[in-house]
Amino acid sequence: MKPTFATHLDALGQWRQATDARLAELARFVREHDLLDDGLSEWFEAMRFRLSGEKLMVAFVAEFSRGKSELINAIFFSDKGRRMMPASAGRTTMCPVELGYDAEDPVGLSLLPIDTRLEPTSLTEYRRSPGAWTHIPLALDNPDGMAQALAEVMRTRHVSQDEAVALGFWDDERPDDNPPCDAEGKVEVPLWRHARINLPHPLLKRGLVVLDTPGLNAIGTEPELTLGLLPQAHATVFILGADTGVTRSDLSIWRDHLCGPALARFVALNKIDTLADPLSTPQEVLATIERQAQSVAQTLEIPHEHVFPISARQGLAARLAGDEAGLNASRLPALEQALSEGLLPRRRETLAAGAVDGARALQHQLTRRFGELRRLHAEQMSELRSLRGKSGGKVQLMLQRVQGEATEFEQCTARLAAMRSVHARMLKEALKDLSSDRLRQEVDVLQQVLGGSWLPLGAKRAFIELCARLRDLIEQAQQRSDEIQAMLVASFAKLNAEFGFSLAVEQAIDVRKYRDDLDLIEKNYVQYLGLSQAFRLAQPGFQEQFRRMLISRLRVVFETISNDIEMWNKTASAQVDGQLRERRRNFKRRYESLDRIQSAANELDTRLQEVQAQDERVLQLQTRLTVLVEELVAEASRDPMPVVDATPKRMVLDAAALMGTGGAA
C-alpha cells in the first residue's frame, strides 16, 4: 500500500533518531577532548532533548457520532488487527483522551474522576499527582482485552441538575447546549474528567500525542482543554458527518474553538459511504459528495481543498483486510497525505535548522580556537629553533622574556573583570522584562478588566493591548541584546590589539522571531474574548483558568527567549575563558621547555618534536570536527519522507466501490 501518515511519521521519528545519534557523536568528541564549555554543553542538552523528547500533538475534534474514534483507529491503530478506541453508533468517547507514551510511566489507562472539577486544582496540577488517577493496566499481547479496558472512557453516570451545574454540564443561560434529561430529570455526565493512555506503540514512542476530544459540551466545560491543549496542538482534524453536513453544534465548535490558526487545520467529511443510494447512479452519488464538500467549505469559510470527504469505517476495514481498492475508495490516503505534507516537513525543517545552525556555530568557534592554538605552537617552535647553537645565557634571557610577557599578559585580568561587570549588568537588564514576575504583572492588568464586570465586554481590547505590550518587551530585549553585542565587539577588539587574543563575537541573536509565537497565542485566545463567549468568561472559574493557561503559554515563549539570550552570552564569555586559560598554559609550557633546555643541551630537539606533535594533533582534531559536523549537517538535511506516487491530494473516488458499501462509521 502507499505510504500513510503513520509511515511518514515513523520516517520522521527515524530521522530524529539518526540526527540525534550524529549529535551525540559530536558531543562525545568535544567532551573527550576537553573542548566543551558551559554554553556548548547547554546547547547540546537542549538540542538533543528537542530531537528525542519533543512531542507532536494531533487533535481530533468532533461532535458525537461523527466517526472520530474510528478515524483515529484507521490512521494509527490498524496494525492491531481490530478497533482499539471504542467506536460504535451513538456517543462513545465521553471524556478527553490523550494517547501518548512516556517510558517513565506504567503502560495503561489513567482516568481522572469527574468530581475533581469541584476542586480548585487544575488539570495540569493533577498530572503531577498520580494518586488522583484511577489506573487500569493494559495487556499489550491481548488486543481484545485492551479494547475492553479502553471502553472505560465511555462510562457515564446520572446526576441531578444541581450537580450537573456544579460540574459544568448544565447552564440555564445556554439551554441548547445542555444534555437531555431522563424520565427522572437526571442528567447524564461522563464518569471521568480526563483519560490518558500510555502505550508503547511505535508512533507514540516516536513522540506522537493523539488528542481525542468529545463534543461541544466537553470542550466548552473544560477550560484547560479549551485554552491549553487545543491551542497547543500542532495539527487539528475537525470531523463532520457527510450525511449531516455542518450542524449548528458543529458550527459552534468551529467558530468558538477552531477557526483560529494552527500549524495545520483539516476538515474531514466522514461517512461518505452512507451516501450510497441504489436509486442513484455512481456519478450522481459523487456529485452529491462534491456538493456537500463545497457547502462545508463555504459554511466554514475555508478553501475547498481543505475539506476531505472520507470513510473512516471503510478505510479501517480495508487496512485490516489489505484491500488496496477499498482503501482508495475510502479516500483516507488523501487526508493522510495532507496531514503528512502540512505538518511533518515543517517540524523536520525546524528541528534541522536548529541542529545545523548550532553545529555550524560550534564548528566556527572551535575552528577559531584551533587556529589560536596553532598560532601559539608556531610561535613556540620559532622561538625554540632560534635557540639552536645559542649559549646558556641566551636561554636565560629567553626565560626572562617569557616571564615578562606572562606578567604583562596578566594585566588583562583587570580589563576582563571590568568588561565582565559591564556585561553582567547589561545581561541582567536584558532579562529583567522577560521574567515570570513581569509576565504576571502584565496579565494582572487584563485580569482586572475580566474581574471588573459580570459581563467583561472590554476583555478583547485589553487582551490585544496586553499582546502589544508583550511585543514591546520582546523588542526591548532585542535592542538590549544588540547593545551587548556592540559592547563585546568593541571590548574584544581592544583585548585582541593589546593582549594578542583572537576573540570574535558571534552573529547577533534574533529574538524578534518569537513575535510569531506571540501572534499565534493572540489569535488562538482572542476568540474566547468576544461577545459569544462573554457569559462563560464572566464565570470566575473560567477566568482563573484562562489566566493560568495564558500565563503558562506566554511563559514558554519568554523563557525560550531568555534561554536563547543567556546561551548566546555564555558562548561569548566562554571563549574569553578558553583563550585566557590556553594562553596561560602556553606561557607555562614555554617556560618549562626553556628551563629544561637550559638544564640539558639535548632537550631542544626533543621539545621541538613535542610541540610539533601537539600541533599535528590539533590539526587532526580540526579535521575530525569538520567530518563530524558535515555528517550531522548531511543527516539533518536529508528528507526522510517516503516517495509517493504523483497522486492528486483530492483522490478520485471509485464510484462503483462506493455503491457497493453501506453503513455508518
# chains A, B, ... in the order shown; residues from 1 in each chain; ligands from 1
>>> select_by_dssp(residues="region 404-584 of chain A", states="alpha helix (DSSP H)", output="MDAnalysis selection string")
chainID A and resid 404:409 412:432 436:450 459:499 515:526 534:537 540:584
>>> atom_distance(atom1="CA of Leu269 (chain A)", atom2="CA of Leu230 (chain A)")
20.1 Å
>>> select_by_dssp(residues="region 123-254 of chain A", states="strand (DSSP E)", output="VMD selection string")
chain A and resid 134 to 137 156 to 159 187 to 190 192 to 198 208 to 214 235 to 241
>>> residues_around(residues="region 573-587 of chain A", least_positions_apart="3", cutoff="8 Å", atoms="only C-alpha atoms", output="number ranges by chain")
A: 37-39, 365, 369, 373, 376, 402, 406, 501-503, 569-570, 590-591
>>> closest_residue(among="A:Glu379, A:Asp444, A:Glu163, A:Glu184", to="Ile551 (chain A)", atoms="only C-alpha atoms")
A:Asp444
>>> closest_residue(among="A:Arg385, A:Lys513, A:Lys55, A:Arg420", to="Asp605 (chain A)", atoms="only C-alpha atoms")
A:Arg385
>>> residues_around(residues="Met381 (chain A)", least_positions_apart="4", cutoff="10 Å", atoms="only C-alpha atoms", output="PyMOL selection string")
chain A and resi 375-377+385-386+590+607-612+615
>>> atom_distance(atom1="CA of Ile484 (chain A)", atom2="CA of His423 (chain A)")
6.9 Å
>>> closest_residue(among="A:Tyr525, A:Ile75, A:Val189, A:Ala634", to="Gln337 (chain A)", atoms="only C-alpha atoms")
A:Ile75
>>> residues_around(residues="Ala103 (chain A)", least_positions_apart="4", cutoff="12 Å", atoms="only C-alpha atoms", output="VMD selection string")
chain A and resid 53 107 to 108 198 to 201 204 to 207
>>> closest_residue(among="A:His306, A:Arg348, A:Lys432, A:Arg624", to="Ala334 (chain A)", atoms="only C-alpha atoms")
A:His306
>>> closest_residue(among="A:Ala59, A:Ala164, A:Ala24, A:Val633", to="Ala353 (chain A)", atoms="only C-alpha atoms")
A:Val633
>>> closest_residue(among="A:Leu632, A:Ile474, A:Ala287, A:Val445", to="Val557 (chain A)", atoms="only C-alpha atoms")
A:Ile474
>>> atom_distance(atom1="CA of Met154 (chain A)", atom2="CA of Ala139 (chain A)")
19.4 Å
>>> residues_around(residues="region 191-195 of chain A", least_positions_apart="3", cutoff="6 Å", atoms="only C-alpha atoms", output="list in words")
Cys95, Pro96, Val97, Ser110, Leu111, Leu112, Pro113, Ile114, Arg155, Thr156 and Arg157 of chain A
>>> write_last_selection(atoms="N, CA and C atoms", output="short mmCIF file (atom, residue, chain, number, x, y, z; two decimals), in the first residue's frame")
data_model
loop_
_atom_site.label_atom_id
_atom_site.label_comp_id
_atom_site.auth_asym_id
_atom_site.auth_seq_id
_atom_site.Cartn_x
_atom_site.Cartn_y
_atom_site.Cartn_z
N CYS A 95 -15.03 11.52 27.50
CA CYS A 95 -14.12 12.48 28.12
C CYS A 95 -12.92 12.65 27.21
N PRO A 96 -12.20 13.76 27.34
CA PRO A 96 -11.00 13.94 26.52
C PRO A 96 -9.99 12.81 26.79
N VAL A 97 -9.41 12.31 25.72
CA VAL A 97 -8.47 11.19 25.82
C VAL A 97 -7.15 11.59 25.15
N SER A 110 -5.03 5.76 32.47
CA SER A 110 -5.19 6.54 33.70
C SER A 110 -6.40 7.45 33.54
N LEU A 111 -7.29 7.44 34.55
CA LEU A 111 -8.56 8.14 34.47
C LEU A 111 -8.71 9.08 35.66
N LEU A 112 -9.07 10.33 35.37
CA LEU A 112 -9.27 11.33 36.41
C LEU A 112 -10.77 11.47 36.66
N PRO A 113 -11.24 11.22 37.88
CA PRO A 113 -12.69 11.27 38.16
C PRO A 113 -13.29 12.64 37.86
N ILE A 114 -14.53 12.64 37.42
CA ILE A 114 -15.21 13.88 37.04
C ILE A 114 -15.40 14.79 38.26
N ARG A 155 -17.88 5.31 29.91
CA ARG A 155 -18.77 5.22 31.07
C ARG A 155 -19.33 6.58 31.49
N THR A 156 -20.58 6.56 31.92
CA THR A 156 -21.27 7.77 32.37
C THR A 156 -21.98 7.49 33.69
N ARG A 157 -22.55 8.54 34.24
CA ARG A 157 -23.42 8.39 35.40
C ARG A 157 -24.48 9.48 35.32
#
>>> residues_around(residues="Asp472 (chain A)", least_positions_apart="3", cutoff="12 Å", atoms="only C-alpha atoms", output="ChimeraX atom specification")
/A:433-434,442,465-469,475-479,511-512,514-515,518
>>> decode(residues="region 331-441 of chain A", atoms="C-alpha atoms", output="CSV table (one decimal), in the first residue's frame")
chain,number,residue,atom,x,y,z
A,331,ARG,CA,-10.2,8.5,0.3
A,332,LEU,CA,-8.4,8.1,3.6
A,333,PRO,CA,-4.9,8.3,1.9
A,334,ALA,CA,-5.8,11.9,0.7
A,335,LEU,CA,-6.3,13.1,4.2
A,336,GLU,CA,-3.2,11.3,5.4
A,337,GLN,CA,-1.1,12.8,2.7
A,338,ALA,CA,-2.3,16.3,3.6
A,339,LEU,CA,-1.6,15.6,7.2
A,340,SER,CA,1.9,14.5,6.3
A,341,GLU,CA,2.7,17.3,3.9
A,342,GLY,CA,1.1,20.1,6.1
A,343,LEU,CA,2.7,19.1,9.4
A,344,LEU,CA,5.7,16.8,9.3
A,345,PRO,CA,8.1,18.6,6.9
A,346,ARG,CA,7.7,21.8,8.8
A,347,ARG,CA,8.6,20.1,12.1
A,348,ARG,CA,11.6,18.4,10.5
A,349,GLU,CA,12.8,21.7,9.0
A,350,THR,CA,12.5,23.5,12.3
A,351,LEU,CA,14.5,20.8,14.1
A,352,ALA,CA,17.0,20.5,11.3
A,353,ALA,CA,17.6,24.3,11.2
A,354,GLY,CA,18.3,24.3,15.0
A,355,ALA,CA,20.8,21.4,14.7
A,356,VAL,CA,22.6,22.7,11.6
A,357,ASP,CA,22.8,26.3,12.9
A,358,GLY,CA,24.1,25.1,16.2
A,359,ALA,CA,26.6,22.7,14.7
A,360,ARG,CA,28.0,25.4,12.3
A,361,ALA,CA,28.3,27.9,15.2
A,362,LEU,CA,30.2,25.2,17.2
A,363,GLN,CA,32.5,24.5,14.2
A,364,HIS,CA,33.2,28.2,13.8
A,365,GLN,CA,34.0,28.7,17.5
A,366,LEU,CA,36.3,25.6,17.7
A,367,THR,CA,38.0,26.3,14.4
A,368,ARG,CA,38.9,29.7,15.7
A,369,ARG,CA,40.2,28.1,18.9
A,370,PHE,CA,42.2,25.6,16.9
A,371,GLY,CA,43.7,28.4,14.9
A,372,GLU,CA,44.8,30.2,18.0
A,373,LEU,CA,46.4,27.1,19.3
A,374,ARG,CA,48.3,26.6,16.0
A,375,ARG,CA,49.5,30.2,16.1
A,376,LEU,CA,50.8,29.7,19.6
A,377,HIS,CA,52.5,26.5,18.5
A,378,ALA,CA,54.1,28.2,15.5
A,379,GLU,CA,55.5,31.0,17.7
A,380,GLN,CA,56.8,28.5,20.2
A,381,MET,CA,58.6,26.4,17.5
A,382,SER,CA,60.1,29.5,16.0
A,383,GLU,CA,61.3,30.5,19.4
A,384,LEU,CA,62.9,27.1,20.1
A,385,ARG,CA,64.5,27.0,16.6
A,386,SER,CA,66.1,30.3,17.3
A,387,LEU,CA,68.0,28.8,20.3
A,388,ARG,CA,69.9,26.3,18.2
A,389,GLY,CA,73.7,27.0,18.8
A,390,LYS,CA,72.9,29.7,21.4
A,391,SER,CA,74.6,29.8,24.8
A,392,GLY,CA,73.1,29.2,28.2
A,393,GLY,CA,73.0,33.0,28.7
A,394,LYS,CA,70.7,33.4,25.6
A,395,VAL,CA,68.4,30.7,27.1
A,396,GLN,CA,68.3,32.6,30.4
A,397,LEU,CA,67.4,35.8,28.5
A,398,MET,CA,64.6,34.0,26.8
A,399,LEU,CA,63.3,32.7,30.2
A,400,GLN,CA,63.3,36.3,31.5
A,401,ARG,CA,61.4,37.4,28.4
A,402,VAL,CA,58.7,34.7,28.8
A,403,GLN,CA,58.3,35.7,32.5
A,404,GLY,CA,58.0,39.3,31.4
A,405,GLU,CA,55.4,38.6,28.8
A,406,ALA,CA,53.4,36.5,31.2
A,407,THR,CA,53.4,39.3,33.8
A,408,GLU,CA,52.4,41.8,31.2
A,409,PHE,CA,49.6,39.5,30.0
A,410,GLU,CA,48.2,39.1,33.5
A,411,GLN,CA,47.4,42.8,33.4
A,412,CYS,CA,44.5,41.8,31.1
A,413,THR,CA,42.7,40.3,34.1
A,414,ALA,CA,41.7,43.8,35.4
A,415,ARG,CA,40.4,44.7,31.9
A,416,LEU,CA,38.4,41.4,31.7
A,417,ALA,CA,36.9,41.9,35.2
A,418,ALA,CA,35.7,45.4,34.2
A,419,MET,CA,34.2,44.0,30.9
A,420,ARG,CA,32.5,41.1,32.7
A,421,SER,CA,31.0,43.5,35.2
A,422,VAL,CA,29.5,45.6,32.5
A,423,HIS,CA,28.4,42.5,30.6
A,424,ALA,CA,26.6,41.1,33.6
A,425,ARG,CA,24.8,44.3,34.3
A,426,MET,CA,23.7,44.6,30.7
A,427,LEU,CA,22.5,41.0,30.6
A,428,LYS,CA,20.6,41.4,33.8
A,429,GLU,CA,18.8,44.4,32.3
A,430,ALA,CA,18.0,42.5,29.1
A,431,LEU,CA,16.5,39.6,31.0
A,432,LYS,CA,14.6,41.7,33.6
A,433,ASP,CA,11.5,42.3,31.4
A,434,LEU,CA,11.3,38.6,30.4
A,435,SER,CA,10.8,37.2,33.9
A,436,SER,CA,7.7,35.3,35.1
A,437,ASP,CA,7.1,38.2,37.6
A,438,ARG,CA,6.9,40.7,34.8
A,439,LEU,CA,4.6,38.4,32.8
A,440,ARG,CA,2.2,38.1,35.8
A,441,GLN,CA,2.2,41.9,36.2
